[in-house]
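**Student:** My questions all concern the structure below.
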There are 2 protein chains.
Amino acid sequence: MIIKELIADEYRLIQDEICRGLEQADGKGKFEEELWQREEGGGGRSRVMQNGAIIEKGGVNFSAVFGKLPEAVKKSFNVDSDDFFATGVSIVIHPNHPFVPIIHMNIRYFEMNEHIRWFGGGIDLTPHYIIENDARFFHTYLKQVCDQFNANFYIKFKAWADDYFFIKHRNETRGIGGIFYDRLTPITAGVSWEKVFEFSKAVGHSFVPIYSELINRNKDKSFNDSNKQWQYQRRSRYAEFNLVYDAGTKFGLETNGRIESILMSLPPQANWIYNYEPDAGSEEEKTLNLLKKGINWV
Amino acid sequence: MIIKELIADEYRLIQDEICRGLEQADGKGKFEEELWQREEGGGGRSRVMQNGAIIEKGGVNFSAVFGKLPEAVKKSFNVDSDDFFATGVSIVIHPNHPFVPIIHMNIRYFEMNEHIRWFGGGIDLTPHYIIENDARFFHTYLKQVCDQFNANFYIKFKAWADDYFFIKHRNETRGIGGIFYDRLTPITAGVSWEKVFEFSKAVGHSFVPIYSELINRNKDKSFNDSNKQWQYQRRSRYAEFNLVYDAGTKFGLETNGRIESILMSLPPQANWIYNYEPDAGSEEEKTLNLLKKGINWV
């Protein structure tokens with residue numbers, strides 16, 4: 001039996017590990033921490049780095065909250081009781097370097113009672129410029145993490161990420177996807193609760209090695225103003241996704257969550273140029289053409 | 001009896017008038033026009049100015065579309081038939097100068113049949129810095145427009161704008177409001193169809209004198225980098241409102257509208273600084289304190 005306090009403790013340690021790893025990878029920036037408490041129960045540790053050497057704006061947030069579910073959410077779960085507990089780690093990193101990708105990770109656990117509880121989460125990558133070798137490295141790494149637990153996880157969760165991180169009104173994916181999963185239990189996962197929890201932690205532990213590698217591969221590449229302009233354009237699509245579609249953001253806004261923590265995912269600077277179209281044959285166009293569901297990167 | 005083609009014709013003329021007036025007020029920028037057609041019926045004239053002397057990004061769009069309502073919309077209207085006609089002019093102007101306000105205007109007409117038809121629209125102002133004299137000028141002008149038609153319009157439509165242009169998750173209004181109205185008919189307006197139409201046109205004709213005055217009052221003021229940073233921050237709130245709450249944007253995204261026209265309202269550059277708080281006693285703080293519902297500006 002896994003108890004919720006233990007899950008929160010492990011998530012806290014993962015937050016620590018990731019902040020240490022990111023400070024090391026960045027070499028200059030430091031996280032600033034804010035502790036916050038929620039009137040209705042629980043609280044969190046918001047950690048944000050701004051204006052690092054590589055990380056322009058990055059948040060690594062931990063929270064463990066409990067109380068009564070809002071009526072709207074209760075209805076959608078179709079339950080009588082409304083006590084809940086939720087804990088998780090959420091990360092979004094916006095690098096200043098246009099060849100270093102934006103990354104997002106979330107691991108979370110939700111519980112109402114012994115019968116209604118599950119893990120969710122995922123990790124996905126939004127390169128301003130899709131570098132195929134990096135995309136292969138990223139997906140191959142995630143597949144190896146998944147394969148330790150269930151041979152079907154990667155293919156299932158990769159498709160789920162493709163579907164989830166999709167900007168419908170642009171008919172493009174947010175980035176190159178990754179893995180996304182929700183309501184993971186022994187029944188849906190085909191492994192024990194212990195293994196589901198181990199999987200959640202393994203996703204968390206994969207963050208530092210993956211992102212450090214992607215930073216190191218790209219941070220010394222030179223870039224020009226037109227690369228920066230493209231980065232700002234791509235970030236505006238990221239903002240569109242998060243404000244229009246992202247379930248976590250919507251949930252946070254509707255339930256009166258801590259606004260600055262919810263919206264820490266938004267980019268430090270985003271530009272909307274009207275009718276922007278990349279030149280034919282350009283790297284920007286190549287990237288656009290790869291923002292599609294169903295690409296096999298492994 | 002006002003026929004829909006006549007309304008569309010008048011709106012087209014208003015679009016012309018406004019584009020001419022804005023080019024004159026800007027002195028440098030020119031609108032570029034794109035004509036578009038909708039497969040299901042109708043089309044429009046998108047006109048956008050980018051990188052003018054004052055207007056960094058501004059759109060003045062006309063459309064007149066018809067066809068079958070999407071199922072979701074049909075349901076919300078509770079009607080059997082699904083033929084509709086809709087025409088309107090929509091404007092959002094993002095100036096480069098932080099002391100010139102962002103402005104938005106919309107006039108529109110919607111018709112399903114003789115019994116289901118109405119006018120809607122409004123005009124509202126989002127100053128990066130609220131200048132009280134300008135706010136009084138703006139609201140007084142709108143009140144005078146309203147008062148020509150019905151002594152209750154201004155107070156009713158002003159309150160409606162306060163409620164509509166509200167960023168719930170920030171607990172702040174988008175700007176200083178203005179007027180907003182919807183489903184205006186002889187019954188809801190207390191005046192004839194002709195007068196309702198005249199009112200819609202009067203709102204349209206008020207745009208150039210109002211915004212030219214606000215440009216001229218402020219465009220020669222000097223500003224510094226910290227004013228620009230604040231402008232980028234305010235623009236990010238504008239983007240949040242439009243992507244999270246604006247009914248027109250939502251409708252457009254859900255019904256597969258012309259994306260670049262729908263999202264032309266988004267700012268050319270927006271910044272999200274984490275936990276930004278203006279200094280005590282600063283002009284920025286004064287502005288924040290005035291982003292509230294229910295302020296009487298006349």
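Simple scheme: letters A, B, ... for chains in structure tokens order, numbers from 1 for residues in each chain, numbers from 1 for ligands in the order shown.
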Hey, what does DSSP flag as alpha helix (DSSP H) within segment 93-227 of chain A? Can you give it to me as JSON, numbers by chain?
**Tutor:** {"A": [132, 133, 134, 135, 136, 137, 138, 139, 140, 141, 142, 143, 144, 145, 146, 147, 153, 154, 155, 156, 157, 158, 159, 160, 161, 162, 163, 164, 186, 187, 188, 189, 193, 194, 195, 196, 197, 198, 199, 200, 201, 202, 203, 204, 205, 206, 207, 208, 209, 210, 211, 212, 213, 214, 215, 216, 217, 218, 225, 226, 227]}
**Student:** Determine, counting only C-alpha atoms, which protein, DNA and RNA residues have an atom within 7 Å of an atom of segment 249-264 of chain A; residues of the same chain fewer than 6 positions away are not included. Present the result as a ChimeraX atom specification.
**Tutor:** /A:46,59,70,242-243 /B:169,274-275
**Student:** Kindly give the distance, in Å, that separates atom CA of Phe149 of chain A and atom CA of Arg136 of chain A, rounded to a single decimal.
**Tutor:**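 Atom-to-atom, atom CA of Phe149 of chain A and atom CA of Arg136 of chain A are spaced 20.6 Å apart.
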**Student:** Can you work out which residues from chain A touch chain B at a cut-off of 6 Å (counting only C-alpha atoms) and hand them back as a PDB file with C-alpha atoms, in the first residue's frame?
**Tutor:**
```pdb
ATOM      1  CA  HIS A 169      -6.904  25.889 -34.577  1.00  0.00           C
ATOM      2  CA  LEU A 243      -4.311  29.331 -22.539  1.00  0.00           C
ATOM      3  CA  VAL A 244      -6.798  27.699 -24.904  1.00  0.00           C
ATOM      4  CA  LEU A 253      -7.918  29.194 -13.611  1.00  0.00           C
ATOM      5  CA  PRO A 268       8.988  35.472 -21.030  1.00  0.00           C
ATOM      6  CA  GLN A 269       8.409  37.020 -24.464  1.00  0.00           C
ATOM      7  CA  ALA A 270       6.098  35.937 -27.258  1.00  0.00           C
ATOM      8  CA  ASN A 271       5.426  37.637 -30.582  1.00  0.00           C
ATOM      9  CA  TRP A 272       2.427  37.431 -32.853  1.00  0.00           C
ATOM     10  CA  ILE A 273       3.365  38.604 -36.344  1.00  0.00           C
TER      11      ILE A 273
END
```
**Student:** Please list as a ChimeraX atom specification every residue within 8 Å of segment 217-229 of chain A, counting only C-alpha atoms and excluding residues in the same chain fewer than 5 positions away.
**Tutor:** /A:54,97-100,271
**Student:** Write out, as a short mmCIF file (atom, residue, chain, number, x, y, z; two decimals), in the first residue's frame, the residues just selected, with C-alpha atoms.
**Tutor:**
```cif
data_model
loop_
_atom_site.label_atom_id
_atom_site.label_comp_id
_atom_site.auth_asym_id
_atom_site.auth_seq_id
_atom_site.Cartn_x
_atom_site.Cartn_y
_atom_site.Cartn_z
CA ILE A 54 20.47 29.44 -20.73
CA HIS A 97 18.75 30.07 -26.84
CA PRO A 98 16.60 29.36 -29.90
CA PHE A 99 18.31 26.02 -30.54
CA VAL A 100 17.65 24.76 -27.01
CA ASN A 271 5.43 37.64 -30.58
#
```
**Student:** Tell me which protein, DNA and RNA residues are within 7 Å of segment 195-210 of chain A, counting only C-alpha atoms, leaving out same-chain ones fewer than 6 positions away, and put them as a list of chain:residue names.
**Tutor:** A:Ile14, A:Ile18, A:Gly21, A:Leu22, A:Ile107, A:Phe138, A:Val145, A:Phe149, A:Thr185
**Student:** Keeping only C-alpha atoms, write the selected residues to a file as a PDB file, in the first residue's frame.
**Tutor:**
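What landed in part_39.pdb:
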```pdb
ATOM      1  CA  ILE A  14      12.416  14.927  -7.272  1.00  0.00           C
ATOM      2  CA  ILE A  18      15.644  18.712 -10.772  1.00  0.00           C
ATOM      3  CA  GLY A  21      20.395  19.594 -11.980  1.00  0.00           C
ATOM      4  CA  LEU A  22      19.026  22.643 -13.790  1.00  0.00           C
ATOM      5  CA  ILE A 107       4.138  13.978 -12.521  1.00  0.00           C
ATOM      6  CA  PHE A 138      14.495  12.356 -26.627  1.00  0.00           C
ATOM      7  CA  VAL A 145      12.083   4.561 -19.386  1.00  0.00           C
ATOM      8  CA  PHE A 149       7.594  -1.111 -16.842  1.00  0.00           C
ATOM      9  CA  THR A 185      -3.832   2.505 -12.015  1.00  0.00           C
TER      10      THR A 185
END
```
**Student:** Return the single residue from B:Tyr211, B:Trp36, B:Tyr238, B:Phe153 that is closest to Phe165 of chain B, with distances computed using only C-alpha atoms.
**Tutor:**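 The closest residue to Phe165 of chain B is B:Tyr238.
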**Student:** When you look at Asp162 of chain B with a cut-off of 10 Å (counting only C-alpha atoms), what residues show up, excluding the ones that are within fewer than 5 positions of it in the same chain? I need them as a PyMOL selection string.
**Tutor:** chain B and resi 124+157+172-180+291-295
**Student:** Which residues in segment 21-121 of chain B does DSSP call strand (DSSP E or B)? List them as number ranges by chain.
**Tutor:** B: 32-37, 42-50, 55-68, 83-95, 102-111, 117-121
**Student:** Next, the residues of the selection above should be written as an mmCIF file, in the first residue's frame with C-alpha atoms.
**Tutor:**
```
data_model
loop_
_atom_site.group_PDB
_atom_site.id
_atom_site.type_symbol
_atom_site.label_atom_id
_atom_site.label_comp_id
_atom_site.auth_asym_id
_atom_site.auth_seq_id
_atom_site.Cartn_x
_atom_site.Cartn_y
_atom_site.Cartn_z
ATOM 1 C CA GLU B 32 -2.696 45.686 -46.496
ATOM 2 C CA GLU B 33 -5.864 44.034 -47.633
ATOM 3 C CA GLU B 34 -6.656 40.383 -48.124
ATOM 4 C CA LEU B 35 -9.955 39.338 -49.594
ATOM 5 C CA TRP B 36 -11.116 35.932 -48.487
ATOM 6 C CA GLN B 37 -14.034 33.716 -49.223
ATOM 7 C CA GLY B 42 -19.680 34.732 -47.795
ATOM 8 C CA GLY B 43 -16.280 36.169 -47.048
ATOM 9 C CA GLY B 44 -14.504 39.266 -45.941
ATOM 10 C CA ARG B 45 -11.890 41.948 -46.260
ATOM 11 C CA SER B 46 -9.050 41.637 -43.749
ATOM 12 C CA ARG B 47 -6.978 44.769 -43.440
ATOM 13 C CA VAL B 48 -3.873 44.834 -41.319
ATOM 14 C CA MET B 49 -1.234 47.484 -40.688
ATOM 15 C CA GLN B 50 2.102 46.467 -39.217
ATOM 16 C CA ILE B 55 0.360 51.560 -34.972
ATOM 17 C CA GLU B 56 2.630 48.577 -34.422
ATOM 18 C CA LYS B 57 -0.059 46.076 -35.336
ATOM 19 C CA GLY B 58 -3.643 46.858 -36.130
ATOM 20 C CA GLY B 59 -6.451 45.026 -37.835
ATOM 21 C CA VAL B 60 -9.682 46.406 -39.244
ATOM 22 C CA ASN B 61 -11.686 43.461 -40.520
ATOM 23 C CA PHE B 62 -14.980 43.335 -42.339
ATOM 24 C CA SER B 63 -16.899 40.152 -42.973
ATOM 25 C CA ALA B 64 -20.334 39.114 -44.189
ATOM 26 C CA VAL B 65 -20.888 35.393 -43.979
ATOM 27 C CA PHE B 66 -23.858 33.094 -44.307
ATOM 28 C CA GLY B 67 -24.662 29.416 -44.316
ATOM 29 C CA LYS B 68 -25.614 26.829 -41.726
ATOM 30 C CA ASP B 83 -29.545 29.281 -41.711
ATOM 31 C CA PHE B 84 -27.736 32.362 -40.577
ATOM 32 C CA PHE B 85 -26.258 35.598 -41.845
ATOM 33 C CA ALA B 86 -23.689 37.607 -39.925
ATOM 34 C CA THR B 87 -21.821 40.761 -40.781
ATOM 35 C CA GLY B 88 -19.547 43.010 -38.810
ATOM 36 C CA VAL B 89 -16.485 45.172 -38.476
ATOM 37 C CA SER B 90 -13.850 44.242 -35.883
ATOM 38 C CA ILE B 91 -10.892 46.330 -34.864
ATOM 39 C CA VAL B 92 -7.955 45.910 -32.525
ATOM 40 C CA ILE B 93 -5.083 48.377 -32.576
ATOM 41 C CA HIS B 94 -1.815 47.803 -30.716
ATOM 42 C CA PRO B 95 0.219 51.019 -30.773
ATOM 43 C CA ILE B 102 -4.863 49.752 -27.152
ATOM 44 C CA ILE B 103 -8.352 50.104 -28.629
ATOM 45 C CA HIS B 104 -10.968 47.584 -29.672
ATOM 46 C CA MET B 105 -14.219 48.100 -31.523
ATOM 47 C CA ASN B 106 -16.806 45.783 -32.958
ATOM 48 C CA ILE B 107 -20.128 46.360 -34.654
ATOM 49 C CA ARG B 108 -22.080 43.383 -35.864
ATOM 50 C CA TYR B 109 -25.433 42.163 -37.061
ATOM 51 C CA PHE B 110 -26.718 38.600 -36.856
ATOM 52 C CA GLU B 111 -29.846 37.205 -38.460
ATOM 53 C CA ARG B 117 -31.978 38.935 -35.456
ATOM 54 C CA TRP B 118 -30.053 41.491 -33.516
ATOM 55 C CA PHE B 119 -27.198 43.983 -33.395
ATOM 56 C CA GLY B 120 -24.214 43.746 -31.078
ATOM 57 C CA GLY B 121 -20.920 45.458 -30.540
#
```
**Student:** Point out the residue among B:Ile215, B:Asn289, B:Glu277, B:Ala151 with the least atom-to-atom distance to Gly27 of chain B, counting only C-alpha atoms.
**Tutor:**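 For Gly27 of chain B, the nearest of the candidates is B:Ile215.
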**Student:** Tell me which protein, DNA and RNA residues are within 10 Å of Asn296 of chain A, counting only C-alpha atoms, leaving out same-chain ones fewer than 6 positions away, and put them as a list in words.
**Tutor:**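 Skipping anything fewer than 6 positions along the chain leaves Ala135, Arg136, His139, Ile155, Lys158 and Ala159 of chain A.
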**Student:** Residues of the last selection are to be written out with N, CA and C atoms, as an mmCIF file, in the first residue's frame.
**Tutor:**
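result.cif written:
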```cif
data_model
loop_
_atom_site.group_PDB
_atom_site.id
_atom_site.type_symbol
_atom_site.label_atom_id
_atom_site.label_comp_id
_atom_site.auth_asym_id
_atom_site.auth_seq_id
_atom_site.Cartn_x
_atom_site.Cartn_y
_atom_site.Cartn_z
ATOM 1 N N ALA A 135 15.500 14.903 -31.463
ATOM 2 C CA ALA A 135 14.159 14.322 -31.327
ATOM 3 C C ALA A 135 14.261 12.812 -31.132
ATOM 4 N N ARG A 136 15.164 12.200 -31.873
ATOM 5 C CA ARG A 136 15.359 10.752 -31.728
ATOM 6 C C ARG A 136 15.914 10.409 -30.346
ATOM 7 N N HIS A 139 13.002 10.818 -27.726
ATOM 8 C CA HIS A 139 11.987 9.760 -27.745
ATOM 9 C C HIS A 139 12.589 8.402 -27.377
ATOM 10 N N ILE A 155 4.327 3.294 -26.750
ATOM 11 C CA ILE A 155 3.511 3.506 -27.954
ATOM 12 C C ILE A 155 2.169 4.156 -27.590
ATOM 13 N N LYS A 158 2.896 7.805 -26.120
ATOM 14 C CA LYS A 158 3.416 8.684 -27.177
ATOM 15 C C LYS A 158 2.237 9.178 -28.030
ATOM 16 N N ALA A 159 1.337 8.266 -28.363
ATOM 17 C CA ALA A 159 0.163 8.655 -29.158
ATOM 18 C C ALA A 159 -0.718 9.623 -28.359
#
```
**Student:** Could you check how far atom CA of Asp16 of chain A sits from atom CA of Leu125 of chain A, in Å to one decimal?
**Tutor:**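 If I compute the distance from atom CA of Asp16 of chain A to atom CA of Leu125 of chain A, I get 21.3 Å.
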